[in-house]
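Text of model_18.cif (mmCIF, C-alpha atoms) as supplied:
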```
data_protein
loop_
_atom_site.group_PDB
_atom_site.id
_atom_site.type_symbol
_atom_site.label_atom_id
_atom_site.label_comp_id
_atom_site.auth_asym_id
_atom_site.auth_seq_id
_atom_site.Cartn_x
_atom_site.Cartn_y
_atom_site.Cartn_z
ATOM 1 C CA MET U 29 -110.016 -129.624 -30.319
ATOM 2 C CA SER U 30 -107.376 -131.901 -28.811
ATOM 3 C CA SER U 31 -104.683 -130.381 -31.060
ATOM 4 C CA MET U 32 -105.571 -126.885 -29.853
ATOM 5 C CA THR U 33 -105.466 -128.058 -26.246
ATOM 6 C CA GLN U 34 -102.051 -129.593 -26.748
ATOM 7 C CA SER U 35 -100.570 -126.581 -28.558
ATOM 8 C CA GLY U 36 -101.862 -124.075 -26.004
ATOM 9 C CA PRO U 37 -99.691 -125.070 -23.035
ATOM 10 C CA SER U 38 -96.615 -125.432 -25.254
ATOM 11 C CA LEU U 39 -97.080 -121.900 -26.613
ATOM 12 C CA TRP U 40 -97.661 -120.520 -23.111
ATOM 13 C CA GLY U 41 -94.579 -122.343 -21.835
ATOM 14 C CA SER U 42 -92.461 -120.965 -24.653
ATOM 15 C CA GLN U 43 -93.500 -117.368 -23.945
ATOM 16 C CA LYS U 44 -92.878 -117.823 -20.244
ATOM 17 C CA PHE U 45 -89.438 -119.273 -20.945
ATOM 18 C CA ARG U 46 -88.523 -116.389 -23.249
ATOM 19 C CA LYS U 47 -89.675 -113.881 -20.644
ATOM 20 C CA ARG U 48 -87.645 -115.514 -17.895
ATOM 21 C CA PHE U 49 -84.642 -115.803 -20.203
ATOM 22 C CA GLY U 50 -84.831 -112.087 -21.034
ATOM 23 C CA VAL U 51 -85.037 -111.156 -17.358
ATOM 24 C CA GLY U 52 -82.078 -113.413 -16.601
ATOM 25 C CA VAL U 53 -79.964 -111.859 -19.350
ATOM 26 C CA ARG U 54 -80.741 -108.355 -18.097
ATOM 27 C CA LEU U 55 -79.837 -109.341 -14.543
ATOM 28 C CA VAL U 56 -76.523 -110.824 -15.668
ATOM 29 C CA ILE U 57 -75.683 -107.687 -17.646
ATOM 30 C CA ALA U 58 -76.671 -105.485 -14.685
ATOM 31 C CA VAL U 59 -74.471 -107.490 -12.301
ATOM 32 C CA ILE U 60 -71.511 -107.266 -14.700
ATOM 33 C CA LEU U 61 -71.915 -103.505 -15.108
ATOM 34 C CA ILE U 62 -72.260 -102.963 -11.355
ATOM 35 C CA ALA U 63 -69.182 -105.078 -10.667
ATOM 36 C CA PHE U 64 -67.277 -103.238 -13.401
ATOM 37 C CA SER U 65 -68.086 -99.856 -11.843
ATOM 38 C CA VAL U 66 -67.710 -100.835 -8.171
ATOM 39 C CA PHE U 67 -64.470 -102.846 -8.440
ATOM 40 C CA PRO U 68 -62.126 -99.817 -8.913
ATOM 41 C CA VAL U 69 -63.625 -98.183 -5.823
ATOM 42 C CA LEU U 70 -63.172 -101.353 -3.780
ATOM 43 C CA TRP U 71 -59.603 -101.657 -5.055
ATOM 44 C CA ILE U 72 -58.775 -98.093 -3.989
ATOM 45 C CA ILE U 73 -60.311 -98.712 -0.571
ATOM 46 C CA SER U 74 -58.279 -101.900 -0.245
ATOM 47 C CA ALA U 75 -55.070 -100.148 -1.318
ATOM 48 C CA SER U 76 -55.616 -97.378 1.224
ATOM 49 C CA PHE U 77 -55.535 -99.953 4.044
ATOM 50 C CA ASP U 78 -52.677 -101.989 2.552
ATOM 51 C CA ASN U 79 -49.364 -101.224 4.280
ATOM 52 C CA SER U 80 -47.205 -103.073 1.743
ATOM 53 C CA GLN U 81 -46.971 -99.981 -0.558
ATOM 54 C CA SER U 82 -46.813 -102.265 -3.588
ATOM 55 C CA LEU U 83 -49.256 -102.654 -6.431
ATOM 56 C CA ALA U 84 -47.738 -105.979 -7.491
ATOM 57 C CA SER U 85 -48.535 -107.717 -4.195
ATOM 58 C CA GLN U 86 -51.844 -105.995 -3.480
ATOM 59 C CA LYS U 87 -54.958 -108.103 -3.036
ATOM 60 C CA LEU U 88 -58.580 -107.158 -2.672
ATOM 61 C CA ILE U 89 -58.368 -108.190 0.980
ATOM 62 C CA PRO U 90 -55.027 -106.746 2.192
ATOM 63 C CA VAL U 91 -52.588 -109.116 3.849
ATOM 64 C CA ARG U 92 -50.934 -106.326 5.839
ATOM 65 C CA ALA U 93 -53.981 -104.230 6.649
ATOM 66 C CA GLY U 94 -53.701 -101.195 8.868
ATOM 67 C CA LEU U 95 -54.072 -97.436 9.182
ATOM 68 C CA ASP U 96 -50.447 -96.492 8.514
ATOM 69 C CA ASN U 97 -51.317 -94.819 5.209
ATOM 70 C CA TYR U 98 -53.852 -92.548 6.874
ATOM 71 C CA ARG U 99 -51.405 -91.771 9.689
ATOM 72 C CA ASP U 100 -48.826 -90.754 7.091
ATOM 73 C CA LEU U 101 -51.385 -88.647 5.256
ATOM 74 C CA PHE U 102 -52.579 -86.874 8.398
ATOM 75 C CA GLY U 103 -49.040 -86.318 9.673
ATOM 76 C CA LEU U 104 -49.457 -88.628 12.668
ATOM 77 C CA ASN U 105 -46.379 -90.639 11.738
ATOM 78 C CA PRO U 106 -43.285 -88.815 13.117
ATOM 79 C CA ASP U 107 -41.120 -90.351 10.379
ATOM 80 C CA TYR U 108 -43.298 -89.050 7.543
ATOM 81 C CA LYS U 109 -44.462 -85.453 7.693
ATOM 82 C CA PHE U 110 -45.034 -84.701 4.013
ATOM 83 C CA GLY U 111 -48.782 -85.325 4.042
ATOM 84 C CA ASP U 112 -49.260 -83.148 7.099
ATOM 85 C CA LEU U 113 -47.546 -80.214 5.388
ATOM 86 C CA PHE U 114 -49.256 -80.225 2.015
ATOM 87 C CA TYR U 115 -52.191 -82.623 1.560
ATOM 88 C CA TRP U 116 -54.860 -80.476 3.197
ATOM 89 C CA LYS U 117 -53.468 -77.434 1.386
ATOM 90 C CA TRP U 118 -53.904 -79.252 -1.931
ATOM 91 C CA LEU U 119 -57.438 -80.264 -1.022
ATOM 92 C CA TRP U 120 -58.326 -76.690 -0.068
ATOM 93 C CA ASN U 121 -56.777 -75.355 -3.284
ATOM 94 C CA SER U 122 -58.869 -77.733 -5.394
ATOM 95 C CA VAL U 123 -62.101 -76.901 -3.595
ATOM 96 C CA LYS U 124 -61.381 -73.167 -3.722
ATOM 97 C CA ILE U 125 -60.452 -73.089 -7.416
ATOM 98 C CA ALA U 126 -63.347 -75.341 -8.445
ATOM 99 C CA THR U 127 -65.883 -73.358 -6.398
ATOM 100 C CA ILE U 128 -64.778 -69.926 -7.621
ATOM 101 C CA SER U 129 -64.560 -71.100 -11.235
ATOM 102 C CA THR U 130 -67.993 -72.712 -11.065
ATOM 103 C CA VAL U 131 -69.691 -69.657 -9.544
ATOM 104 C CA LEU U 132 -68.121 -67.259 -12.039
ATOM 105 C CA SER U 133 -68.797 -69.599 -14.948
ATOM 106 C CA LEU U 134 -72.463 -69.968 -13.984
ATOM 107 C CA SER U 135 -72.873 -66.211 -13.612
ATOM 108 C CA ILE U 136 -71.362 -65.364 -16.989
ATOM 109 C CA THR U 137 -72.921 -68.353 -18.740
ATOM 110 C CA THR U 138 -76.434 -67.544 -17.525
ATOM 111 C CA LEU U 139 -76.242 -63.911 -18.625
ATOM 112 C CA ALA U 140 -74.783 -64.858 -22.010
ATOM 113 C CA ALA U 141 -77.388 -67.573 -22.572
ATOM 114 C CA TYR U 142 -80.178 -65.126 -21.739
ATOM 115 C CA ALA U 143 -78.821 -62.647 -24.280
ATOM 116 C CA PHE U 144 -78.554 -65.305 -27.003
ATOM 117 C CA SER U 145 -81.993 -66.724 -26.249
ATOM 118 C CA ARG U 146 -84.106 -63.636 -25.655
ATOM 119 C CA LEU U 147 -82.339 -60.717 -27.376
ATOM 120 C CA ARG U 148 -81.818 -60.131 -31.080
ATOM 121 C CA PHE U 149 -78.633 -58.348 -32.139
ATOM 122 C CA ALA U 150 -76.211 -58.305 -35.052
ATOM 123 C CA GLY U 151 -73.801 -61.250 -35.124
ATOM 124 C CA ARG U 152 -75.841 -63.375 -32.734
ATOM 125 C CA VAL U 153 -75.987 -66.462 -34.948
ATOM 126 C CA ALA U 154 -72.350 -66.098 -36.022
ATOM 127 C CA MET U 155 -71.220 -65.908 -32.386
ATOM 128 C CA LEU U 156 -73.223 -69.011 -31.468
ATOM 129 C CA LYS U 157 -71.702 -70.931 -34.360
ATOM 130 C CA GLY U 158 -68.254 -69.692 -33.414
ATOM 131 C CA ILE U 159 -68.680 -70.901 -29.831
ATOM 132 C CA LEU U 160 -69.777 -74.308 -31.093
ATOM 133 C CA LEU U 161 -66.906 -74.491 -33.595
ATOM 134 C CA ILE U 162 -64.309 -73.743 -30.922
ATOM 135 C CA GLN U 163 -65.629 -76.621 -28.806
ATOM 136 C CA VAL U 164 -64.991 -79.068 -31.657
ATOM 137 C CA PHE U 165 -61.213 -78.824 -31.314
ATOM 138 C CA PRO U 166 -59.606 -80.865 -28.491
ATOM 139 C CA ASN U 167 -58.394 -78.822 -25.538
ATOM 140 C CA LEU U 168 -54.964 -80.436 -25.716
ATOM 141 C CA LEU U 169 -54.293 -78.565 -28.956
ATOM 142 C CA ALA U 170 -54.416 -75.268 -27.073
ATOM 143 C CA LEU U 171 -52.040 -76.140 -24.225
ATOM 144 C CA VAL U 172 -49.033 -74.373 -25.721
ATOM 145 C CA ALA U 173 -51.107 -71.316 -26.631
ATOM 146 C CA ILE U 174 -52.649 -71.209 -23.149
ATOM 147 C CA TYR U 175 -49.224 -71.443 -21.527
ATOM 148 C CA LEU U 176 -47.839 -68.588 -23.629
ATOM 149 C CA LEU U 177 -50.968 -66.496 -23.079
ATOM 150 C CA ILE U 178 -50.805 -66.854 -19.296
ATOM 151 C CA PHE U 179 -47.046 -66.257 -19.352
ATOM 152 C CA GLN U 180 -47.419 -62.993 -21.262
ATOM 153 C CA THR U 181 -50.360 -61.946 -19.113
ATOM 154 C CA GLY U 182 -48.227 -62.477 -16.014
ATOM 155 C CA GLU U 183 -45.611 -60.051 -17.321
ATOM 156 C CA ILE U 184 -48.269 -57.322 -17.314
ATOM 157 C CA ILE U 185 -50.392 -58.458 -14.350
ATOM 158 C CA PRO U 186 -48.326 -60.792 -12.125
ATOM 159 C CA GLY U 187 -51.400 -61.932 -10.210
ATOM 160 C CA LEU U 188 -52.850 -63.504 -13.364
ATOM 161 C CA GLY U 189 -49.682 -65.159 -14.631
ATOM 162 C CA LEU U 190 -48.073 -68.547 -14.231
ATOM 163 C CA ASN U 191 -48.123 -70.222 -10.827
ATOM 164 C CA SER U 192 -51.213 -68.279 -9.749
ATOM 165 C CA HIS U 193 -54.660 -69.592 -8.927
ATOM 166 C CA ALA U 194 -56.270 -66.542 -10.548
ATOM 167 C CA GLY U 195 -54.649 -67.309 -13.885
ATOM 168 C CA LEU U 196 -55.752 -70.936 -13.671
ATOM 169 C CA ILE U 197 -59.316 -69.850 -12.874
ATOM 170 C CA LEU U 198 -59.356 -67.599 -15.959
ATOM 171 C CA VAL U 199 -58.318 -70.536 -18.123
ATOM 172 C CA TYR U 200 -61.049 -72.725 -16.651
ATOM 173 C CA LEU U 201 -63.623 -69.982 -17.271
ATOM 174 C CA GLY U 202 -62.708 -69.742 -20.928
ATOM 175 C CA GLY U 203 -62.844 -73.491 -21.420
ATOM 176 C CA SER U 204 -66.113 -74.221 -19.630
ATOM 177 C CA MET U 205 -68.416 -71.485 -20.870
ATOM 178 C CA GLY U 206 -68.736 -72.551 -24.509
ATOM 179 C CA MET U 207 -70.790 -75.712 -24.210
ATOM 180 C CA ASN U 208 -72.511 -74.466 -21.063
ATOM 181 C CA ILE U 209 -73.865 -71.471 -22.968
ATOM 182 C CA TRP U 210 -75.434 -73.806 -25.512
ATOM 183 C CA LEU U 211 -76.956 -75.985 -22.785
ATOM 184 C CA MET U 212 -78.344 -72.991 -20.926
ATOM 185 C CA LYS U 213 -79.666 -71.399 -24.112
ATOM 186 C CA GLY U 214 -81.442 -74.620 -25.067
ATOM 187 C CA PHE U 215 -83.125 -74.690 -21.677
ATOM 188 C CA LEU U 216 -84.112 -71.031 -21.910
ATOM 189 C CA ASP U 217 -85.661 -71.618 -25.325
ATOM 190 C CA THR U 218 -88.141 -74.024 -23.727
ATOM 191 C CA ILE U 219 -89.427 -71.352 -21.305
ATOM 192 C CA PRO U 220 -92.475 -69.592 -22.817
ATOM 193 C CA ARG U 221 -91.896 -66.025 -23.938
ATOM 194 C CA ALA U 222 -95.260 -65.140 -22.417
ATOM 195 C CA ILE U 223 -93.436 -64.850 -19.098
ATOM 196 C CA ASP U 224 -91.199 -62.144 -20.551
ATOM 197 C CA GLU U 225 -94.138 -60.379 -22.125
ATOM 198 C CA SER U 226 -96.059 -60.325 -18.843
ATOM 199 C CA GLY U 227 -93.084 -58.667 -17.182
ATOM 200 C CA MET U 228 -92.792 -56.091 -19.964
ATOM 201 C CA VAL U 229 -96.485 -55.232 -19.562
ATOM 202 C CA ASP U 230 -95.774 -54.402 -15.919
ATOM 203 C CA GLY U 231 -92.867 -52.185 -16.983
ATOM 204 C CA ALA U 232 -90.017 -54.469 -15.932
ATOM 205 C CA SER U 233 -86.620 -54.125 -17.591
ATOM 206 C CA ASN U 234 -84.803 -57.006 -19.274
ATOM 207 C CA PHE U 235 -82.560 -57.540 -16.253
ATOM 208 C CA ARG U 236 -85.574 -57.428 -13.914
ATOM 209 C CA ILE U 237 -87.341 -60.047 -16.029
ATOM 210 C CA PHE U 238 -84.243 -62.227 -16.044
ATOM 211 C CA TRP U 239 -83.520 -61.922 -12.308
ATOM 212 C CA THR U 240 -87.069 -62.151 -10.978
ATOM 213 C CA LEU U 241 -88.990 -64.309 -13.443
ATOM 214 C CA LEU U 242 -86.564 -66.490 -15.370
ATOM 215 C CA LEU U 243 -83.716 -67.214 -12.967
ATOM 216 C CA PRO U 244 -85.867 -69.226 -10.507
ATOM 217 C CA LEU U 245 -87.010 -71.398 -13.415
ATOM 218 C CA LEU U 246 -83.393 -72.101 -14.363
ATOM 219 C CA ARG U 247 -82.514 -73.781 -11.079
ATOM 220 C CA PRO U 248 -82.539 -77.384 -12.419
ATOM 221 C CA ILE U 249 -80.160 -76.683 -15.297
ATOM 222 C CA LEU U 250 -78.034 -74.423 -13.081
ATOM 223 C CA VAL U 251 -77.530 -77.295 -10.647
ATOM 224 C CA VAL U 252 -76.572 -79.728 -13.416
ATOM 225 C CA ILE U 253 -74.154 -77.361 -15.142
ATOM 226 C CA GLY U 254 -72.702 -76.287 -11.806
ATOM 227 C CA ILE U 255 -72.023 -79.849 -10.692
ATOM 228 C CA LEU U 256 -70.532 -80.866 -14.039
ATOM 229 C CA SER U 257 -68.289 -77.790 -14.049
ATOM 230 C CA PHE U 258 -67.211 -78.357 -10.448
ATOM 231 C CA ILE U 259 -66.346 -82.005 -11.048
ATOM 232 C CA GLY U 260 -64.484 -81.249 -14.274
ATOM 233 C CA ILE U 261 -62.372 -78.507 -12.690
ATOM 234 C CA TYR U 262 -61.861 -80.384 -9.429
ATOM 235 C CA GLY U 263 -60.542 -83.439 -11.261
ATOM 236 C CA ASP U 264 -58.402 -81.619 -13.825
ATOM 237 C CA PHE U 265 -54.727 -82.540 -13.896
ATOM 238 C CA VAL U 266 -53.167 -81.357 -17.164
ATOM 239 C CA LEU U 267 -53.809 -77.615 -16.994
ATOM 240 C CA ALA U 268 -53.046 -77.385 -13.283
ATOM 241 C CA ARG U 269 -49.802 -79.307 -13.776
ATOM 242 C CA ILE U 270 -48.665 -76.999 -16.579
ATOM 243 C CA LEU U 271 -49.597 -73.671 -15.002
ATOM 244 C CA LEU U 272 -48.672 -74.310 -11.342
ATOM 245 C CA ASN U 273 -45.092 -74.778 -10.137
ATOM 246 C CA ASP U 274 -44.996 -74.358 -6.344
ATOM 247 C CA VAL U 275 -45.869 -77.373 -4.241
ATOM 248 C CA ASP U 276 -48.006 -75.351 -1.841
ATOM 249 C CA LYS U 277 -50.111 -74.062 -4.772
ATOM 250 C CA TYR U 278 -50.776 -77.473 -6.313
ATOM 251 C CA THR U 279 -54.287 -78.769 -6.654
ATOM 252 C CA LEU U 280 -55.139 -82.161 -5.194
ATOM 253 C CA MET U 281 -54.807 -84.046 -8.474
ATOM 254 C CA VAL U 282 -51.361 -82.599 -9.142
ATOM 255 C CA GLY U 283 -50.200 -83.063 -5.580
ATOM 256 C CA LEU U 284 -51.206 -86.720 -5.428
ATOM 257 C CA GLN U 285 -48.826 -87.435 -8.280
ATOM 258 C CA ILE U 286 -45.923 -86.763 -5.932
ATOM 259 C CA PHE U 287 -46.783 -89.857 -3.901
ATOM 260 C CA THR U 288 -46.227 -92.098 -6.945
ATOM 261 C CA ALA U 289 -43.608 -90.136 -8.915
ATOM 262 C CA GLY U 290 -40.578 -91.200 -6.874
ATOM 263 C CA GLN U 291 -38.420 -93.917 -8.399
ATOM 264 C CA PHE U 292 -37.435 -95.535 -5.097
ATOM 265 C CA ASP U 293 -39.992 -94.041 -2.704
ATOM 266 C CA GLN U 294 -43.469 -94.687 -4.056
ATOM 267 C CA LYS U 295 -46.316 -94.313 -1.579
ATOM 268 C CA TRP U 296 -49.146 -96.161 -3.325
ATOM 269 C CA GLY U 297 -51.060 -96.686 -0.097
ATOM 270 C CA VAL U 298 -50.845 -93.011 0.839
ATOM 271 C CA PHE U 299 -51.868 -92.115 -2.698
ATOM 272 C CA ALA U 300 -54.948 -94.362 -2.442
ATOM 273 C CA ALA U 301 -55.879 -92.911 0.963
ATOM 274 C CA GLY U 302 -55.516 -89.373 -0.376
ATOM 275 C CA ALA U 303 -57.545 -90.173 -3.488
ATOM 276 C CA LEU U 304 -60.283 -91.724 -1.367
ATOM 277 C CA ILE U 305 -60.549 -88.692 0.897
ATOM 278 C CA GLY U 306 -60.321 -86.398 -2.110
ATOM 279 C CA ALA U 307 -63.424 -88.013 -3.572
ATOM 280 C CA LEU U 308 -65.535 -87.004 -0.567
ATOM 281 C CA PRO U 309 -66.439 -83.491 -1.857
ATOM 282 C CA ILE U 310 -67.799 -85.016 -5.065
ATOM 283 C CA MET U 311 -69.747 -87.676 -3.162
ATOM 284 C CA ILE U 312 -71.208 -85.106 -0.775
ATOM 285 C CA THR U 313 -72.228 -82.893 -3.695
ATOM 286 C CA TYR U 314 -73.954 -85.755 -5.504
ATOM 287 C CA ILE U 315 -75.754 -87.042 -2.431
ATOM 288 C CA SER U 316 -76.998 -83.620 -1.354
ATOM 289 C CA LEU U 317 -78.209 -82.597 -4.835
ATOM 290 C CA GLN U 318 -79.205 -85.926 -6.378
ATOM 291 C CA ASP U 319 -82.912 -85.043 -6.625
ATOM 292 C CA GLN U 320 -82.210 -81.774 -8.411
ATOM 293 C CA ILE U 321 -79.674 -83.475 -10.671
ATOM 294 C CA ALA U 322 -82.317 -85.946 -11.889
ATOM 295 C CA GLY U 323 -84.808 -83.139 -12.419
ATOM 296 C CA GLY U 324 -82.305 -80.973 -14.253
ATOM 297 C CA LEU U 325 -81.316 -83.724 -16.648
ATOM 298 C CA THR U 326 -84.904 -84.232 -17.791
ATOM 299 C CA ALA U 327 -86.397 -80.751 -17.367
ATOM 300 C CA GLY U 328 -86.699 -78.913 -20.631
ATOM 301 C CA SER U 329 -86.499 -82.081 -22.723
ATOM 302 C CA VAL U 330 -90.112 -81.652 -23.826
ATOM 303 C CA LYS U 331 -91.334 -78.277 -24.977
ATOM 304 C CA GLU U 332 -94.903 -77.554 -24.027
#
```
Before anything else, please render the file you have as structure tokens.
Amino acid sequence: MSSMTQSGPSLWGSQKFRKRFGVGVRLVIAVILIAFSVFPVLWIISASFDNSQSLASQKLIPVRAGLDNYRDLFGLNPDYKFGDLFYWKWLWNSVKIATISTVLSLSITTLAAYAFSRLRFAGRVAMLKGILLIQVFPNLLALVAIYLLIFQTGEIIPGLGLNSHAGLILVYLGGSMGMNIWLMKGFLDTIPRAIDESGMVDGASNFRIFWTLLLPLLRPILVVIGILSFIGIYGDFVLARILLNDVDKYTLMVGLQIFTAGQFDQKWGVFAAGALIGALPIMITYISLQDQIAGGLTAGSVKE
């Protein structure tokens, strides 16, 4: 009896210690991950207020703190007018191209996914496999082909050629629809076909069933795909740099490179300020749609 009494507290103490140790380890890992993700943002914020324009001497708390970088960016500095002439144009170009590409991509993707999910036609499986196979190859392998394709298209239709936003939008549409079609089709497959059958009983056409009955149910996955497409296009650098030549037609990511590309005139502080302001559309999108993003990521994961 005494041995059991003595062993009881020691066993209870050991379990309590292991529980506290596990909680402590998880907290340490969480703190490290949070610091790892937050530090780059803090560094950019610090650089945007650092007037030294040097990465080598920059500290987390700037020694020469001020608003000169933002004055240069907004064109308030009479000795530096470059930001006033082009920065807001670049920002508008990025938002415009990303918005148009996302809307068109969602429209085409949704219709294509509905056809692959609900309709049966010759070559359906082969086309789905072909779309998946194309996505396996890295996009960088197609840069030369894309450049030549847009160049030759511009000789026939100048508005869709090189140095045009329309041509860049077409390229983004072709690159974003493949995987999005698979995601949308997978979500549509989880929606019961009884909904379609009820519409057919009432005499509705396929488009009527899609527009009235199914499209409202697709809102969660539409939000997720739309946000992912917008962020991917908004933050793209390679394609925009290859296909656009005029400074006033640059996107934000391409235009910001100019601030750091000069050999003797590098504006790291202005670059950081521009990058920080350029991140606002993404932050606003996430904050305004965060509830629907969480629902869209989990909706359709379990088929009832």
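Evaluated against the shown file, the PyMOL selection byres ((chain U and resi 156) around 10) gives Ala141, Phe144, Gly151, Arg152, Val153, Ala154, Met155, Lys157, Gly158, Ile159, Leu160, Leu161, Gly206, Ile209 and Trp210 of chain U.
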Atom CA of U:Ala301 to atom CA of U:Val66 measures 16.9 Å
Rounded to one decimal place, report the atom CA of U:Asn208-atom CA of U:Phe165 distance in Å.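 Going from atom CA of U:Asn208 over to atom CA of U:Phe165, I get 15.9 Å.
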Restricting the calculation to all atoms listed in the file, which member of U:Gly302, U:Pro166, U:Gly254, U:Gly297 is positioned closest to U:Ala126?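 Smallest distance to U:Ala126 is found for U:Gly254.
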For stretch 231-241 of chain U, please output as a PyMOL selection string all residues within 12 Å (counting all atoms listed in the file; exclusion window: fewer than 2 positions along the same chain). chain U and resi 135+138-143+145-147+216+219-229+243-247
Using all atoms listed in the file, which residues of stretch 142-244 of chain U come within 12 Å of stretch 268-290 of chain U, and what is the closest atom pair for each, with the distance in Å to one decimal? Give it as JSON lines, sorted by chain and residue number.
```
{"residue": "U:Leu168", "atom": "CA", "partner": "U:Ile270", "partner_atom": "CA", "distance": 11.6}
{"residue": "U:Leu171", "atom": "CA", "partner": "U:Ile270", "partner_atom": "CA", "distance": 8.4}
{"residue": "U:Val172", "atom": "CA", "partner": "U:Ile270", "partner_atom": "CA", "distance": 9.5}
{"residue": "U:Ala173", "atom": "CA", "partner": "U:Ile270", "partner_atom": "CA", "distance": 11.8}
{"residue": "U:Ile174", "atom": "CA", "partner": "U:Leu271", "partner_atom": "CA", "distance": 9.0}
{"residue": "U:Tyr175", "atom": "CA", "partner": "U:Leu271", "partner_atom": "CA", "distance": 6.9}
{"residue": "U:Leu176", "atom": "CA", "partner": "U:Leu271", "partner_atom": "CA", "distance": 10.2}
{"residue": "U:Leu177", "atom": "CA", "partner": "U:Leu271", "partner_atom": "CA", "distance": 10.9}
{"residue": "U:Ile178", "atom": "CA", "partner": "U:Leu271", "partner_atom": "CA", "distance": 8.1}
{"residue": "U:Phe179", "atom": "CA", "partner": "U:Leu271", "partner_atom": "CA", "distance": 9.0}
{"residue": "U:Gly182", "atom": "CA", "partner": "U:Leu271", "partner_atom": "CA", "distance": 11.3}
{"residue": "U:Leu188", "atom": "CA", "partner": "U:Leu271", "partner_atom": "CA", "distance": 10.8}
{"residue": "U:Gly189", "atom": "CA", "partner": "U:Leu271", "partner_atom": "CA", "distance": 8.5}
{"residue": "U:Leu190", "atom": "CA", "partner": "U:Leu271", "partner_atom": "CA", "distance": 5.4}
{"residue": "U:Asn191", "atom": "CA", "partner": "U:Leu272", "partner_atom": "CA", "distance": 4.2}
{"residue": "U:Ser192", "atom": "CA", "partner": "U:Leu272", "partner_atom": "CA", "distance": 6.7}
{"residue": "U:His193", "atom": "CA", "partner": "U:Lys277", "partner_atom": "CA", "distance": 7.6}
{"residue": "U:Ala194", "atom": "CA", "partner": "U:Leu271", "partner_atom": "CA", "distance": 10.7}
{"residue": "U:Gly195", "atom": "CA", "partner": "U:Leu271", "partner_atom": "CA", "distance": 8.2}
{"residue": "U:Leu196", "atom": "CA", "partner": "U:Leu271", "partner_atom": "CA", "distance": 6.9}
{"residue": "U:Ile197", "atom": "CA", "partner": "U:Ala268", "partner_atom": "CA", "distance": 9.8}
{"residue": "U:Leu198", "atom": "CA", "partner": "U:Leu271", "partner_atom": "CA", "distance": 11.5}
{"residue": "U:Val199", "atom": "CA", "partner": "U:Leu271", "partner_atom": "CA", "distance": 9.8}
{"residue": "U:Tyr200", "atom": "CA", "partner": "U:Ala268", "partner_atom": "CA", "distance": 9.9}
```
Atom CA of U:Ser129 and atom CA of U:Lys117 are how many Å apart?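 If I compute the distance from atom CA of U:Ser129 to atom CA of U:Lys117, I get 18.0 Å.
For the set U:Gly306, U:Pro248, U:Gly52, U:Pro90, the residue with the smallest atom-to-atom gap to U:Gln318 is U:Pro248, counting only C-alpha atoms.
Each of U:Leu101, U:Ser65, U:Gly94, U:Asn79 was compared to U:Ile305 using only C-alpha atoms, and U:Leu101 turns out to be the nearest.
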Could you expand the PyMOL selection byres ((chain U and resi 69-76) around 8) into the explicit residues it covers here, written as a PyMOL selection string? chain U and resi 65-68+77-79+86-90+97-98+296-301+304
Could you put an axis-aligned box around every listed atom of stretch 207-213 of chain U, padded by 3 Å on each side, and send me its centre and edge lengths in Å to one decimal, as JSON?
```
{"center_x": -75.2, "center_y": -73.7, "center_z": -23.2, "size_x": 14.9, "size_y": 10.6, "size_z": 10.6}
```
Best match for closeness to U:Ile255 among U:Leu169, U:Met212, U:Met207, U:Leu134, counting all atoms listed in the file: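 Of U:Leu169, U:Met212, U:Met207, U:Leu134, the one nearest U:Ile255 is U:Leu134, counting all atoms listed in the file.
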Evaluate the PyMOL selection byres ((chain U and resi 313) around 12) and report residues as a list in words: Val123, Thr127, Val251, Val252, Gly254, Ile255, Leu256, Phe258, Ile259, Ala307, Leu308, Pro309, Ile310, Met311, Ile312, Tyr314, Ile315, Ser316, Leu317, Gln318, Asp319, Gln320 and Ile321 of chain U
From the list U:Ala58, U:Ile162, U:Val91, U:Ile261, the nearest residue to U:Val131 using all atoms listed in the file is U:Ile261
Where atoms are missing, can you supply N, CA and C atoms for stretch 278-286 of chain U and output the lot as a short mmCIF file (atom, residue, chain, number, x, y, z; two decimals), keeping the file's coordinate frame?
```
data_model
loop_
_atom_site.label_atom_id
_atom_site.label_comp_id
_atom_site.auth_asym_id
_atom_site.auth_seq_id
_atom_site.Cartn_x
_atom_site.Cartn_y
_atom_site.Cartn_z
N TYR U 278 -50.23 -76.37 -5.53
CA TYR U 278 -50.78 -77.47 -6.31
C TYR U 278 -52.24 -77.72 -5.96
N THR U 279 -52.96 -78.23 -6.94
CA THR U 279 -54.29 -78.77 -6.65
C THR U 279 -54.13 -80.22 -6.19
N LEU U 280 -55.22 -80.81 -5.75
CA LEU U 280 -55.14 -82.16 -5.19
C LEU U 280 -54.66 -83.17 -6.23
N MET U 281 -55.16 -83.07 -7.46
CA MET U 281 -54.81 -84.05 -8.47
C MET U 281 -53.33 -83.96 -8.84
N VAL U 282 -52.78 -82.77 -8.85
CA VAL U 282 -51.36 -82.60 -9.14
C VAL U 282 -50.52 -83.05 -7.95
N GLY U 283 -50.96 -82.70 -6.76
CA GLY U 283 -50.20 -83.06 -5.58
C GLY U 283 -50.13 -84.55 -5.34
N LEU U 284 -51.21 -85.27 -5.65
CA LEU U 284 -51.21 -86.72 -5.43
C LEU U 284 -50.19 -87.43 -6.30
N GLN U 285 -49.82 -86.81 -7.41
CA GLN U 285 -48.83 -87.44 -8.28
C GLN U 285 -47.49 -87.60 -7.57
N ILE U 286 -47.21 -86.72 -6.63
CA ILE U 286 -45.92 -86.76 -5.93
C ILE U 286 -45.76 -88.08 -5.18
#
```
